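Visitor: mmCIF, C-alpha atoms, pLDDT in the B column; chains and numbers go by the auth columns, file coords_18.cif:
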```cif
data_query
#
loop_
_atom_site.group_PDB
_atom_site.id
_atom_site.type_symbol
_atom_site.label_atom_id
_atom_site.label_comp_id
_atom_site.label_asym_id
_atom_site.label_seq_id
_atom_site.Cartn_x
_atom_site.Cartn_y
_atom_site.Cartn_z
_atom_site.B_iso_or_equiv
_atom_site.auth_seq_id
_atom_site.auth_asym_id
ATOM 1 C CA MET A 1 0.000 0.000 0.000 84.00 1 F
ATOM 2 C CA SER A 2 1.309 3.436 -0.927 95.00 2 F
ATOM 3 C CA PHE A 3 1.906 6.211 1.571 98.00 3 F
ATOM 4 C CA ALA A 4 -0.867 8.661 0.656 98.00 4 F
ATOM 5 C CA ALA A 5 -0.069 12.356 1.063 98.00 5 F
ATOM 6 C CA THR A 6 -2.845 14.929 0.707 98.00 6 F
ATOM 7 C CA ILE A 7 -2.022 18.627 0.907 98.00 7 F
ATOM 8 C CA LEU A 8 -4.745 21.211 1.496 98.00 8 F
ATOM 9 C CA THR A 9 -3.388 24.451 0.088 98.00 9 F
ATOM 10 C CA LEU A 10 -4.094 27.643 -1.798 98.00 10 F
ATOM 11 C CA TYR A 11 -1.078 26.872 -4.006 98.00 11 F
ATOM 12 C CA PRO A 12 -1.350 23.273 -5.279 98.00 12 F
ATOM 13 C CA GLU A 13 1.179 24.044 -8.017 98.00 13 F
ATOM 14 C CA MET A 14 3.911 23.940 -5.349 98.00 14 F
ATOM 15 C CA PHE A 15 3.564 20.132 -5.137 98.00 15 F
ATOM 16 C CA PRO A 16 5.289 17.759 -5.578 98.00 16 F
ATOM 17 C CA GLY A 17 7.906 20.436 -6.273 98.00 17 F
ATOM 18 C CA PRO A 18 11.339 19.246 -5.098 98.00 18 F
ATOM 19 C CA LEU A 19 9.759 15.965 -4.023 98.00 19 F
ATOM 20 C CA GLY A 20 9.412 15.099 -7.700 98.00 20 F
ATOM 21 C CA VAL A 21 13.171 14.584 -8.095 98.00 21 F
ATOM 22 C CA SER A 22 15.922 12.441 -6.549 97.00 22 F
ATOM 23 C CA LEU A 23 14.938 9.663 -4.131 97.00 23 F
ATOM 24 C CA ALA A 24 11.467 11.033 -3.425 98.00 24 F
ATOM 25 C CA GLY A 25 10.817 11.515 -7.135 98.00 25 F
ATOM 26 C CA ARG A 26 11.803 7.968 -7.996 97.00 26 F
ATOM 27 C CA ALA A 27 9.641 6.700 -5.135 98.00 27 F
ATOM 28 C CA LEU A 28 6.746 8.747 -6.534 98.00 28 F
ATOM 29 C CA GLU A 29 7.247 7.133 -9.959 98.00 29 F
ATOM 30 C CA ARG A 30 7.194 3.699 -8.322 97.00 30 F
ATOM 31 C CA VAL A 31 4.009 4.721 -6.461 98.00 31 F
ATOM 32 C CA ASP A 32 5.695 4.091 -3.110 98.00 32 F
ATOM 33 C CA TRP A 33 3.851 7.259 -2.189 98.00 33 F
ATOM 34 C CA THR A 34 1.163 9.363 -3.817 98.00 34 F
ATOM 35 C CA CYS A 35 0.677 13.117 -3.835 98.00 35 F
ATOM 36 C CA GLU A 36 -2.801 14.647 -3.984 98.00 36 F
ATOM 37 C CA THR A 37 -3.535 18.351 -3.605 98.00 37 F
ATOM 38 C CA VAL A 38 -6.794 19.922 -2.485 98.00 38 F
ATOM 39 C CA GLN A 39 -7.413 23.534 -3.485 98.00 39 F
ATOM 40 C CA ILE A 40 -8.918 25.184 -0.426 98.00 40 F
ATOM 41 C CA ARG A 41 -10.444 27.921 -2.567 98.00 41 F
ATOM 42 C CA ASP A 42 -12.682 25.345 -4.259 98.00 42 F
ATOM 43 C CA PHE A 43 -14.723 25.175 -1.050 98.00 43 F
ATOM 44 C CA ALA A 44 -15.562 28.876 -0.917 98.00 44 F
ATOM 45 C CA THR A 45 -19.266 29.478 -1.576 94.00 45 F
ATOM 46 C CA ASP A 46 -19.397 33.123 -2.675 94.00 46 F
ATOM 47 C CA LYS A 47 -18.861 34.338 -6.231 95.00 47 F
ATOM 48 C CA HIS A 48 -15.445 35.768 -5.355 96.00 48 F
ATOM 49 C CA ARG A 49 -14.280 32.435 -3.860 97.00 49 F
ATOM 50 C CA THR A 50 -13.271 34.196 -0.656 97.00 50 F
ATOM 51 C CA VAL A 51 -11.106 32.170 1.739 97.00 51 F
ATOM 52 C CA ASP A 52 -10.119 34.818 4.297 97.00 52 F
ATOM 53 C CA ASP A 53 -11.473 37.750 6.276 97.00 53 F
ATOM 54 C CA THR A 54 -10.254 40.416 8.704 97.00 54 F
ATOM 55 C CA PRO A 55 -9.293 39.399 12.257 95.00 55 F
ATOM 56 C CA ALA A 56 -12.013 39.645 14.885 96.00 56 F
ATOM 57 C CA GLY A 57 -11.027 42.385 17.317 96.00 57 F
ATOM 58 C CA GLY A 58 -8.935 44.168 14.726 94.00 58 F
ATOM 59 C CA GLY A 59 -5.339 43.857 13.706 94.00 59 F
ATOM 60 C CA ALA A 60 -3.208 43.440 10.622 93.00 60 F
ATOM 61 C CA GLY A 61 -3.547 40.768 7.960 95.00 61 F
ATOM 62 C CA MET A 62 -6.274 38.290 7.129 96.00 62 F
ATOM 63 C CA VAL A 63 -7.435 35.014 8.710 97.00 63 F
ATOM 64 C CA LEU A 64 -8.488 31.835 6.905 97.00 64 F
ATOM 65 C CA LYS A 65 -12.240 31.281 7.296 97.00 65 F
ATOM 66 C CA PRO A 66 -13.452 28.283 9.330 98.00 66 F
ATOM 67 C CA ASP A 67 -16.396 27.434 7.065 97.00 67 F
ATOM 68 C CA VAL A 68 -14.155 27.121 4.019 98.00 68 F
ATOM 69 C CA LEU A 69 -11.460 25.225 5.924 98.00 69 F
ATOM 70 C CA GLY A 70 -14.010 22.902 7.501 98.00 70 F
ATOM 71 C CA ALA A 71 -15.468 21.937 4.136 98.00 71 F
ATOM 72 C CA ALA A 72 -11.992 21.312 2.727 98.00 72 F
ATOM 73 C CA ILE A 73 -10.989 19.136 5.703 98.00 73 F
ATOM 74 C CA ALA A 74 -14.234 17.163 5.541 97.00 74 F
ATOM 75 C CA SER A 75 -13.442 16.253 1.918 97.00 75 F
ATOM 76 C CA VAL A 76 -10.273 14.426 2.927 96.00 76 F
ATOM 77 C CA GLY A 77 -11.909 11.663 4.926 90.00 77 F
ATOM 78 C CA GLU A 78 -10.553 9.793 7.918 92.00 78 F
ATOM 79 C CA GLY A 79 -7.907 7.186 8.601 96.00 79 F
ATOM 80 C CA ARG A 80 -4.797 9.352 8.430 98.00 80 F
ATOM 81 C CA PRO A 81 -3.330 11.969 10.774 98.00 81 F
ATOM 82 C CA ILE A 82 -4.062 15.561 9.823 98.00 82 F
ATOM 83 C CA LEU A 83 -1.349 18.133 10.465 98.00 83 F
ATOM 84 C CA ALA A 84 -1.875 21.892 10.392 98.00 84 F
ATOM 85 C CA MET A 85 1.335 23.796 9.711 98.00 85 F
ATOM 86 C CA THR A 86 1.454 26.783 12.047 96.00 86 F
ATOM 87 C CA PRO A 87 4.127 28.583 14.112 94.00 87 F
ATOM 88 C CA ARG A 88 1.721 28.169 17.057 94.00 88 F
ATOM 89 C CA GLY A 89 2.087 24.403 16.816 96.00 89 F
ATOM 90 C CA LYS A 90 4.196 21.886 18.672 96.00 90 F
ATOM 91 C CA PRO A 91 7.634 21.362 17.081 95.00 91 F
ATOM 92 C CA VAL A 92 7.636 18.147 15.095 96.00 92 F
ATOM 93 C CA THR A 93 10.158 15.484 16.130 95.00 93 F
ATOM 94 C CA GLN A 94 11.905 12.696 14.303 95.00 94 F
ATOM 95 C CA ALA A 95 10.000 10.229 16.481 94.00 95 F
ATOM 96 C CA ARG A 96 6.689 11.671 15.256 97.00 96 F
ATOM 97 C CA ILE A 97 7.933 11.586 11.657 97.00 97 F
ATOM 98 C CA ARG A 98 8.797 7.914 12.059 97.00 98 F
ATOM 99 C CA ASP A 99 5.325 7.178 13.434 98.00 99 F
ATOM 100 C CA ILE A 100 3.666 8.947 10.511 98.00 100 F
ATOM 101 C CA ALA A 101 5.894 7.217 7.946 98.00 101 F
ATOM 102 C CA ALA A 102 4.890 3.842 9.374 98.00 102 F
ATOM 103 C CA GLY A 103 1.212 4.573 8.755 98.00 103 F
ATOM 104 C CA PRO A 104 -1.022 4.851 5.692 98.00 104 F
ATOM 105 C CA GLY A 105 -0.178 8.480 4.994 98.00 105 F
ATOM 106 C CA VAL A 106 -0.879 12.025 6.123 98.00 106 F
ATOM 107 C CA ALA A 107 -3.004 15.050 5.280 98.00 107 F
ATOM 108 C CA ILE A 108 -1.371 18.461 5.730 98.00 108 F
ATOM 109 C CA LEU A 109 -3.251 21.727 6.038 98.00 109 F
ATOM 110 C CA CYS A 110 -1.154 24.687 4.907 98.00 110 F
ATOM 111 C CA GLY A 111 -1.738 28.039 6.547 94.00 111 F
ATOM 112 C CA ARG A 112 -1.431 31.457 4.940 93.00 112 F
ATOM 113 C CA PHE A 113 -1.848 35.090 5.989 92.00 113 F
ATOM 114 C CA GLU A 114 -2.359 35.408 9.778 92.00 114 F
ATOM 115 C CA GLY A 115 -3.271 31.748 10.122 94.00 115 F
ATOM 116 C CA PHE A 116 -6.397 29.743 10.898 97.00 116 F
ATOM 117 C CA ASP A 117 -9.611 30.653 12.648 97.00 117 F
ATOM 118 C CA GLU A 118 -9.155 28.903 16.009 97.00 118 F
ATOM 119 C CA ARG A 119 -12.610 27.338 15.827 97.00 119 F
ATOM 120 C CA ILE A 120 -11.372 24.912 13.187 98.00 120 F
ATOM 121 C CA PHE A 121 -9.309 23.168 15.871 97.00 121 F
ATOM 122 C CA GLU A 122 -12.274 23.070 18.234 97.00 122 F
ATOM 123 C CA ALA A 123 -14.415 21.465 15.529 97.00 123 F
ATOM 124 C CA TYR A 124 -11.671 19.026 14.488 97.00 124 F
ATOM 125 C CA PRO A 125 -9.716 18.153 17.662 97.00 125 F
ATOM 126 C CA GLN A 126 -7.900 15.384 15.800 97.00 126 F
ATOM 127 C CA ILE A 127 -5.893 17.987 13.883 98.00 127 F
ATOM 128 C CA GLU A 128 -2.305 18.243 15.133 98.00 128 F
ATOM 129 C CA GLN A 129 -0.964 21.791 15.140 98.00 129 F
ATOM 130 C CA VAL A 130 2.640 21.379 14.046 97.00 130 F
ATOM 131 C CA SER A 131 5.587 23.745 13.783 96.00 131 F
ATOM 132 C CA LEU A 132 8.688 23.035 11.713 94.00 132 F
ATOM 133 C CA ALA A 133 10.986 25.326 13.699 92.00 133 F
ATOM 134 C CA ASP A 134 10.986 28.597 15.629 93.00 134 F
ATOM 135 C CA ILE A 135 10.643 30.576 12.412 93.00 135 F
ATOM 136 C CA VAL A 136 7.786 32.230 10.513 92.00 136 F
ATOM 137 C CA LEU A 137 7.300 31.324 6.844 94.00 137 F
ATOM 138 C CA SER A 138 5.134 32.932 4.168 94.00 138 F
ATOM 139 C CA GLY A 139 2.926 29.848 4.221 96.00 139 F
ATOM 140 C CA GLY A 140 2.749 26.252 5.335 97.00 140 F
ATOM 141 C CA GLU A 141 3.656 24.801 1.944 98.00 141 F
ATOM 142 C CA THR A 142 7.434 24.866 2.364 97.00 142 F
ATOM 143 C CA ALA A 143 7.088 23.350 5.828 98.00 143 F
ATOM 144 C CA ALA A 144 4.776 20.669 4.415 98.00 144 F
ATOM 145 C CA LEU A 145 7.395 19.791 1.801 98.00 145 F
ATOM 146 C CA ALA A 146 9.960 19.306 4.567 98.00 146 F
ATOM 147 C CA ILE A 147 7.584 17.123 6.612 98.00 147 F
ATOM 148 C CA LEU A 148 6.790 14.963 3.579 98.00 148 F
ATOM 149 C CA ASP A 149 10.449 14.629 2.627 98.00 149 F
ATOM 150 C CA ALA A 150 11.273 13.451 6.157 98.00 150 F
ATOM 151 C CA CYS A 151 8.514 10.823 5.944 98.00 151 F
ATOM 152 C CA ILE A 152 9.195 9.626 2.395 98.00 152 F
ATOM 153 C CA ARG A 153 12.870 8.897 2.987 97.00 153 F
ATOM 154 C CA LEU A 154 11.843 6.436 5.725 97.00 154 F
ATOM 155 C CA LEU A 155 9.512 4.423 3.506 98.00 155 F
ATOM 156 C CA PRO A 156 10.744 0.885 2.729 96.00 156 F
ATOM 157 C CA GLY A 157 12.996 0.812 -0.325 94.00 157 F
ATOM 158 C CA VAL A 158 13.393 4.577 -0.681 96.00 158 F
ATOM 159 C CA MET A 159 16.900 4.783 0.781 91.00 159 F
ATOM 160 C CA GLY A 160 19.516 2.388 -0.536 72.00 160 F
ATOM 161 C CA ALA A 161 21.160 1.263 2.708 59.00 161 F
ATOM 162 C CA PRO A 162 18.852 -0.023 5.479 55.00 162 F
ATOM 163 C CA ASP A 163 20.996 1.704 8.132 56.00 163 F
ATOM 164 C CA SER A 164 20.824 5.090 6.399 56.00 164 F
ATOM 165 C CA GLY A 165 17.745 6.089 8.361 52.00 165 F
ATOM 166 C CA VAL A 166 19.049 4.836 11.693 56.00 166 F
ATOM 167 C CA GLU A 167 22.425 6.537 12.118 59.00 167 F
ATOM 168 C CA GLU A 168 21.051 10.042 11.653 63.00 168 F
ATOM 169 C CA SER A 169 20.701 13.128 13.792 61.00 169 F
ATOM 170 C CA TYR A 170 17.795 12.880 16.285 75.00 170 F
ATOM 171 C CA GLU A 171 17.196 9.150 15.764 74.00 171 F
ATOM 172 C CA ASN A 172 18.810 8.277 19.097 82.00 172 F
ATOM 173 C CA GLY A 173 18.289 11.608 20.817 88.00 173 F
ATOM 174 C CA LEU A 174 21.622 13.034 19.639 93.00 174 F
ATOM 175 C CA ILE A 175 22.861 14.916 16.614 93.00 175 F
ATOM 176 C CA GLU A 176 24.938 12.817 14.269 93.00 176 F
ATOM 177 C CA TYR A 177 28.724 12.493 14.525 95.00 177 F
ATOM 178 C CA PRO A 178 30.856 14.374 11.928 95.00 178 F
ATOM 179 C CA GLN A 179 31.509 12.694 8.597 96.00 179 F
ATOM 180 C CA TYR A 180 34.659 12.538 6.430 96.00 180 F
ATOM 181 C CA THR A 181 35.629 11.115 3.049 95.00 181 F
ATOM 182 C CA ARG A 182 38.528 11.122 0.579 94.00 182 F
ATOM 183 C CA PRO A 183 40.950 12.760 -0.003 96.00 183 F
ATOM 184 C CA GLN A 184 42.670 11.771 3.222 95.00 184 F
ATOM 185 C CA GLU A 185 44.325 15.183 3.418 96.00 185 F
ATOM 186 C CA TRP A 186 42.792 18.449 2.248 96.00 186 F
ATOM 187 C CA GLU A 187 44.322 21.896 2.762 97.00 187 F
ATOM 188 C CA GLY A 188 46.496 20.526 5.561 96.00 188 F
ATOM 189 C CA ARG A 189 43.568 18.898 7.341 96.00 189 F
ATOM 190 C CA THR A 190 43.452 15.113 7.720 96.00 190 F
ATOM 191 C CA ILE A 191 40.752 12.603 8.464 96.00 191 F
ATOM 192 C CA PRO A 192 40.906 11.634 12.181 97.00 192 F
ATOM 193 C CA GLU A 193 43.285 8.724 12.643 97.00 193 F
ATOM 194 C CA VAL A 194 40.725 6.565 14.426 97.00 194 F
ATOM 195 C CA LEU A 195 38.528 6.546 11.298 97.00 195 F
ATOM 196 C CA ARG A 196 41.480 5.165 9.329 96.00 196 F
ATOM 197 C CA SER A 197 42.349 2.527 11.913 97.00 197 F
ATOM 198 C CA GLY A 198 39.976 -0.207 10.729 97.00 198 F
ATOM 199 C CA ASP A 199 39.102 -0.886 14.371 97.00 199 F
ATOM 200 C CA HIS A 200 35.299 -0.908 14.301 98.00 200 F
ATOM 201 C CA ALA A 201 34.918 -0.858 18.087 97.00 201 F
ATOM 202 C CA LYS A 202 37.127 2.221 18.416 98.00 202 F
ATOM 203 C CA ILE A 203 35.339 3.906 15.528 97.00 203 F
ATOM 204 C CA ALA A 204 31.943 3.262 17.114 97.00 204 F
ATOM 205 C CA ALA A 205 33.171 4.611 20.461 97.00 205 F
ATOM 206 C CA TRP A 206 34.621 7.730 18.806 97.00 206 F
ATOM 207 C CA ARG A 207 31.417 8.383 16.913 96.00 207 F
ATOM 208 C CA LYS A 208 29.274 8.045 20.014 96.00 208 F
ATOM 209 C CA ALA A 209 31.582 10.314 22.000 97.00 209 F
ATOM 210 C CA ARG A 210 31.513 12.969 19.265 97.00 210 F
ATOM 211 C CA SER A 211 27.727 12.756 18.984 95.00 211 F
ATOM 212 C CA GLU A 212 27.398 13.301 22.714 96.00 212 F
ATOM 213 C CA GLU A 213 29.946 16.114 22.839 97.00 213 F
ATOM 214 C CA ASP A 214 28.546 17.962 19.811 96.00 214 F
ATOM 215 C CA THR A 215 24.995 17.597 21.102 95.00 215 F
ATOM 216 C CA ARG A 216 26.026 18.952 24.501 96.00 216 F
ATOM 217 C CA LEU A 217 27.696 21.991 22.930 97.00 217 F
ATOM 218 C CA ARG A 218 25.329 22.716 20.031 96.00 218 F
ATOM 219 C CA ARG A 219 21.936 21.521 21.258 94.00 219 F
ATOM 220 C CA PRO A 220 21.787 21.754 25.048 96.00 220 F
ATOM 221 C CA ASP A 221 18.007 21.220 24.840 92.00 221 F
ATOM 222 C CA LEU A 222 18.534 17.794 23.257 91.00 222 F
ATOM 223 C CA TRP A 223 21.407 17.037 25.609 95.00 223 F
ATOM 224 C CA ASP A 224 19.340 17.748 28.717 95.00 224 F
ATOM 225 C CA ARG A 225 16.615 15.404 27.484 90.00 225 F
ATOM 226 C CA TYR A 226 19.102 12.720 26.419 92.00 226 F
ATOM 227 C CA SER A 227 21.113 12.806 29.643 90.00 227 F
ATOM 228 C CA GLY A 228 17.914 12.832 31.689 83.00 228 F
ATOM 229 C CA ASP A 229 16.573 9.781 29.869 78.00 229 F
ATOM 230 C CA ARG A 230 19.903 8.008 30.292 73.00 230 F
ATOM 231 C CA ASP A 231 19.958 8.645 34.037 71.00 231 F
ATOM 232 C CA ARG A 232 16.334 7.635 34.517 65.00 232 F
ATOM 233 C CA PRO A 233 15.941 4.031 35.795 65.00 233 F
ATOM 234 C CA ALA A 234 14.247 1.538 33.508 59.00 234 F
ATOM 235 C CA SER A 235 10.600 0.740 34.139 55.00 235 F
ATOM 236 C CA GLY A 236 10.296 -1.529 37.145 53.00 236 F
ATOM 237 C CA ALA A 237 13.908 -0.967 38.188 54.00 237 F
ATOM 238 C CA ARG A 238 15.040 0.754 41.355 50.00 238 F
ATOM 239 C CA ARG A 239 17.989 3.099 41.438 49.00 239 F
ATOM 240 C CA LYS A 240 20.736 2.510 43.923 48.00 240 F
ATOM 241 C CA ASP A 241 21.970 5.836 45.233 46.00 241 F
#
```
Transcribe the structure of this file into structure tokens.
Guide:
Amino acid sequence: MSFAATILTLYPEMFPGPLGVSLAGRALERVDWTCETVQIRDFATDKHRTVDDTPAGGGAGMVLKPDVLGAAIASVGEGRPILAMTPRGKPVTQARIRDIAAGPGVAILCGRFEGFDERIFEAYPQIEQVSLADIVLSGGETAALAILDACIRLLPGVMGAPDSGVEESYENGLIEYPQYTRPQEWEGRTIPEVLRSGDHAKIAAWRKARSEEDTRLRRPDLWDRYSGDRDRPASGARRKD
């Protein structure tokens, strides 16, 4: 069964976009995943096909209308998670991406302007409000592309090496160790000796140590969570202090 991606957007021409080339593009040709777009404007009922209106209480910008959004969401059907891309959402994690990739697919609602009328989330509590990062984009489409790319690369057969999706940043709570390749020396800089030793145990230990050190220095938020999980006793176990 293919991984079915449905994108609700005002700009369907943005899809599949970059996902139509490279690994994702070849997977699309093989029908490992499918890409369907839903034009939100098609669900407007007035002659001008209006999808937005001014914010209640005043303020700058425009807000996407709940009646139009609700009709568009209802057209998608059930059985897959629905994500709404919004800077007000919870940051998506690699663990959540892996869960989604293991399922039948995903529907993604792309915001524009000042965002969504909040009542849409009251009417559809199953919608997950998701943020890509602590940044504000012009719309949810570019974030949706990133979410889909993260899912597609985890589908069976998309990546060549089975371990490619395992030894990655965030998969084990750490950022990935640094990588090197030939030439052995470049501009006076050499590949670390341990990586040329052929000793797989030493290489594995070096990589783990570098992942931990780089995570501690670059992503203290991840490091705090990782070190806390590591210190926490296993379920049913009792710590000896």
Visitor: Hey, which of F:Leu154, F:Leu145, F:Ala5, F:Val51 ends up closest to F:Val31? Count all atoms listed in the file.
Guide: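 Result for the nearest residue to F:Val31: F:Ala5.
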Visitor: Could you give me, as a list of chain:residue names, the residues within 9 Å of F:Asp67, counting only C-alpha atoms and dropping anything in the same chain fewer than 2 positions from it?
Guide: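 Once the nearby chain positions are removed, what remains is F:Phe43, F:Ala44, F:Val51, F:Lys65, F:Leu69, F:Gly70, F:Ala71, F:Ala72, F:Ile120.
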Visitor: Could you write out as a PyMOL selection string the residues that the PyMOL selection byres ((chain F and resi 226) around 12) matches in the shown file?
Guide: chain F and resi 170-175+211-213+215-216+219-225+227-232
Visitor: Counting all atoms listed in the file, figure out which residue out of F:Gly61, F:Gly157, F:Gly111, F:Pro125 gets nearest to F:Ile7.
Guide: F:Gly111
Visitor: List the residues selected by the PyMOL selection byres ((chain F and resi 112-115) around 8) in the file shown, writing them as a list in words.
Guide: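 With the PyMOL selection byres ((chain F and resi 112-115) around 8) on this model, the match is Gly61, Met62, Val63, Leu64, Thr86, Cys110, Gly111, Phe116, Asp117, Ser138, Gly139 and Gly140 of chain F.
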Visitor: List, as a VMD selection string, every residue that the PyMOL selection byres ((chain F and resi 1) around 8) selects in the file provided.
Guide: chain F and resid 2 to 3 32 104
Visitor: For stretch 19-22 of chain F, please output as a PyMOL selection string all residues within 9 Å (counting all atoms listed in the file; exclusion window: fewer than 4 positions along the same chain).
Guide: chain F and resi 15+26-29+145+148-149
Visitor: Determine, counting all atoms listed in the file, which protein, DNA and RNA residues have an atom within 10 Å of an atom of F:Asp134; residues of the same chain fewer than 4 positions away are not included. Present the result as a PyMOL selection string.
Guide: chain F and resi 87-89+91
Visitor: Using all atoms listed in the file, which of the listed residues (F:Ala101, F:Val130, F:Met159, F:Val68) sits closest to F:Ala84?
Guide: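 Among the listed residues, F:Val130 lies closest to F:Ala84.
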Visitor: Which of these, F:Gln39, F:Gly59, F:Ala4, F:His200, has the shortest distance to F:Ala102 once you count all atoms listed in the file?
Guide: F:Ala4
Visitor: Just how far from atom CA of F:Ala123 is atom CA of F:Glu141, in Å to one decimal?
Guide: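 Rounded to one decimal, the two atoms are 22.9 Å apart.
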Visitor: Tell me, in Å to one decimal, how far atom CA of F:Ala133 is from atom CA of F:Ser75.
Guide: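 If I compute the distance from atom CA of F:Ala133 to atom CA of F:Ser75, I get 28.6 Å.
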Visitor: Could you tell me which of F:Arg80, F:Thr93, F:Tyr177, F:Ile100 comes closest to F:Lys208 if we count only C-alpha atoms?
Guide: F:Tyr177
